[in-house]
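Student: My questions will all concern the structure given below.
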Amino acid sequence: MTSPGYVILDPGPELRPMPDVDWRADMIDYKQHDAYRELASGVDLPTRLKAGTIFAAGMAKLLLKRTIRYEMIPFDVRADRSAAGRLRFAGAALRNMTAGSMRKRHARAGAAAKGARLDQHGVMVLKVPTPQVEALEQVSRTQFEALAARRGKSNGQRKFEESRGQASRVAEGELFSQIESLLQESGVMAASDAYLGRPARLIDVNPQINDVSDSFWRDIFPDMDANELPATAYCHRDASGGDLKAIIYLSDVGERNGPFSYVLGSNRMRISKLDDLICEANDSNGLGATDPKARRLFAALPARLRQKGAFGNDLTPDAAISADINAGLWAIQAAKGSIVLFDTKGIHRGGMVVEGERRVITCVIG
């Protein structure tokens, strides 16, 4: 599957992949949850109506995005607001809708041949030869310098989005070309083709820097006194259409440098399409956040709608799935030049840096 010089890394034998389980809409009892119980008590009608309106608007927008497979439209096309750009966007949306129907006719073809490792665990890790790493560092330097300068202007309450850049294929063609060659040579694209059951392509490139000044993963419940984070803190499933991502480490990542972590086998978790959409809608419309305002609105939703993809912060230690997550969570400590390919619908987290700095390039593959 890979060219010579690329080494596949394996998880340790002490990890236990998640068993085949069903997503449960009621796996978190928000009525009894310390961070939600008081906010949920005595919710008035206007608050319930406001929460319902936000949810409905978010779901409507999400259904449109899923219909046109919005995340699979390249950044340059999404960002172009000119008349010509809007025509290109409409054309890309129509192509995606057609491609989606064709995908169903041959889904997962060849997965056993080339994507077996990814199919089994939901994640695959490889080590890249040094010359390729040095070439990628060189061509991405400008992007990281710009991102570092932007991060330096933060007021200390940095959100996740402030730690990530967005490369343009038009302006950064050499960077895209370098990454595409790397993903082809390493076998990442072949594994992606097999797993998705169709030819995969590089959609987005996002340079990312994380360090100890980041606050997005620490301030779970900012209005509450918390001595320590839960073991499942920041664990989530992406609010996206079900793409793959490849994270390229451009710094050595140890235990304290925010290693990307993935729950082995969680890509096989069974979840209904409706529950998946509910989770995505709440994550994308702000109701999945953990500040007091968001929690109060979330608690005002009907019980059936109180679901999140970003559920790890709310998960209590006594929940059955907590043990499965902790038993299978692979914290991928690896040297600079490692590539982590994973299914975004599996449970994962990353960037929780407590020492030093982590530099990565996250690539969306669809």
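For the structure tokens, the naming scheme is as follows: chains receive sequential letters (A, B, ...) according to their order of presentation, residues are indexed from 1 within each chain, and ligands are indexed from 1 in presentation order.
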Could you give me, as CSV, every region 304-363 of chain A residue with an atom at most 6 Å from region 1-24 of chain A, plus its closest atom pair and distance in Å to one decimal, counting only C-alpha atoms, rows ordered by chain then number?
Tutor:
residue,atom,partner,partner_atom,distance
A:Asp324,CA,A:Met18,CA,5.6
A:Ala327,CA,A:Arg16,CA,5.4
A:Gly328,CA,A:Arg16,CA,4.7
Student: So that I can see what lies close to Asn206 (chain A), please list as a PDB file with C-alpha atoms, in the first residue's frame the residues with an atom at most 9 Å from it, counting only C-alpha atoms and leaving out residues fewer than 5 positions away in the same chain.
Tutor:
ATOM      1  CA  ARG A 164      -5.919  27.065  12.376  1.00  0.00           C
ATOM      2  CA  GLY A 165      -5.154  28.631   9.014  1.00  0.00           C
ATOM      3  CA  GLN A 166      -6.771  28.082   5.632  1.00  0.00           C
ATOM      4  CA  ALA A 167      -4.543  27.627   2.602  1.00  0.00           C
ATOM      5  CA  VAL A 360       0.523  20.131  12.121  1.00  0.00           C
ATOM      6  CA  ILE A 361      -1.143  20.395   8.724  1.00  0.00           C
ATOM      7  CA  THR A 362      -4.691  19.045   8.670  1.00  0.00           C
ATOM      8  CA  CYS A 363      -5.928  17.913   5.262  1.00  0.00           C
ATOM      9  CA  VAL A 364      -9.568  17.254   4.384  1.00  0.00           C
TER      10      VAL A 364
END
Student: What's around region 53-59 of chain A at 9 Å? Count only C-alpha atoms, leave out sequence neighbours fewer than 3 positions away in its own chain, and write the answer as a PyMOL selection string.
Tutor: chain A and resi 48-50+62-64+277-278+280-282+284-287+301+305
Student: Excluding Ser163 (chain A) and residues on its chain fewer than 5 positions from it, collect all residues at most 9 Å away from it, counting only C-alpha atoms, and give them as a JSON list (two decimals) with N, CA, C and O atoms, in the first residue's frame.
Tutor:
[["chain", "number", "residue", "atom", "x", "y", "z"],
["A", 147, "LEU", "N", 0.26, 32.41, 10.35],
["A", 147, "LEU", "CA", -0.59, 31.89, 11.41],
["A", 147, "LEU", "C", -0.03, 32.25, 12.79],
["A", 147, "LEU", "O", -0.77, 32.65, 13.70],
["A", 148, "ALA", "N", 1.29, 32.13, 12.95],
["A", 148, "ALA", "CA", 1.92, 32.46, 14.23],
["A", 148, "ALA", "C", 1.71, 33.94, 14.57],
["A", 148, "ALA", "O", 1.45, 34.30, 15.72],
["A", 150, "ARG", "N", -0.79, 35.83, 13.56],
["A", 150, "ARG", "CA", -2.21, 36.03, 13.90],
["A", 150, "ARG", "C", -2.51, 35.53, 15.31],
["A", 150, "ARG", "O", -3.25, 36.15, 16.06],
["A", 151, "ARG", "N", -1.93, 34.41, 15.69],
["A", 151, "ARG", "CA", -2.14, 33.86, 17.03],
["A", 151, "ARG", "C", -1.57, 34.80, 18.09],
["A", 151, "ARG", "O", -2.09, 34.89, 19.19],
["A", 158, "ARG", "N", -8.28, 32.05, 23.36],
["A", 158, "ARG", "CA", -8.23, 31.63, 21.96],
["A", 158, "ARG", "C", -9.18, 30.48, 21.68],
["A", 158, "ARG", "O", -9.15, 29.44, 22.34],
["A", 207, "PRO", "N", -3.04, 24.60, 7.94],
["A", 207, "PRO", "CA", -1.93, 24.64, 8.91],
["A", 207, "PRO", "C", -2.49, 24.95, 10.30],
["A", 207, "PRO", "O", -3.45, 25.71, 10.44],
["A", 208, "GLN", "N", -1.88, 24.36, 11.32],
["A", 208, "GLN", "CA", -2.41, 24.55, 12.67],
["A", 208, "GLN", "C", -1.26, 24.60, 13.67],
["A", 208, "GLN", "O", -0.31, 23.83, 13.59],
["A", 209, "ILE", "N", -1.37, 25.53, 14.62],
["A", 209, "ILE", "CA", -0.41, 25.65, 15.71],
["A", 209, "ILE", "C", -1.16, 25.60, 17.03],
["A", 209, "ILE", "O", -2.15, 26.30, 17.21],
["A", 210, "ASN", "N", -0.70, 24.77, 17.95],
["A", 210, "ASN", "CA", -1.27, 24.73, 19.30],
["A", 210, "ASN", "C", -0.15, 24.83, 20.31],
["A", 210, "ASN", "O", 0.94, 24.26, 20.12],
["A", 214, "ASP", "N", -3.39, 28.06, 24.53],
["A", 214, "ASP", "CA", -4.74, 27.78, 24.01],
["A", 214, "ASP", "C", -5.70, 27.52, 25.17],
["A", 214, "ASP", "O", -5.35, 26.85, 26.15]]
Student: Near region 249-262 of chain A, counting only C-alpha atoms, which residues have an atom at most 7 Å away, once you skip same-chain residues fewer than 2 positions from it, shown as JSON, numbers by chain?
Tutor: {"A": [247, 264, 329, 330, 331, 332, 333, 334, 335, 336, 337, 338, 339, 347, 348, 349, 350, 351, 352, 353, 354, 355, 356, 357, 358, 359, 360, 361]}
Student: Could you state the separation of CA of Phe89 (chain A) and CA of Asp275 (chain A) in Å, given to one decimal place?
Tutor: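 CA of Phe89 (chain A) sits 28.6 Å away from CA of Asp275 (chain A).
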Student: Among region 41-245 of chain A, which ones does DSSP place in strand (DSSP E), written as a ChimeraX atom specification?
Tutor: /A:123-127,202-211,244-245
Student: Quick check for you: according to DSSP on this backbone, which residues of region 39-280 of chain A are classed as alpha helix (DSSP H)? Reply as number ranges by chain.
Tutor: A: 39-40, 45-68, 75-79, 83-103, 111-114, 116-121, 130-151, 173-186, 188-196, 273-280
Student: Given only C-alpha atoms as the basis, pick out the residue of A:Ile325, A:Val43, A:Ala35, A:Ala135 nearest to Ile220 (chain A).
Tutor: A:Ala35
Student: For Arg296 (chain A), list every protein, DNA or RNA residue within 8 Å, evaluated using only C-alpha atoms, and leave out those in the same chain fewer than 4 positions away; present the list as a PyMOL selection string.
Tutor: chain A and resi 36+39-40+292+300
Student: Which residue, A:Met189, A:Leu297, A:Ala231, A:Thr316, has the smallest gap to Leu45 (chain A) when you use only C-alpha atoms?
Tutor: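 With only C-alpha atoms as the atom set, the closest residue is A:Leu297.
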Student: What's the separation between CA of Ala83 (chain A) and CA of Arg95 (chain A), in Å to one decimal place?
Tutor: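 Going from CA of Ala83 (chain A) over to CA of Arg95 (chain A) covers 18.6 Å.
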Student: Excluding Asp204 (chain A) and residues on its chain fewer than 6 positions from it, collect all residues at most 12 Å away from it, counting only C-alpha atoms, and give them as a ChimeraX atom specification.
Tutor: /A:70-78,164-170,172-173,175-176,179-180,243-247,361-366
Student: Could you check which of A:Gly122, A:Gly288, A:Gly85, A:Gly312 is closest to Pro230 (chain A), using only C-alpha atoms?
Tutor: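 Among the listed residues, A:Gly312 lies closest to Pro230 (chain A).
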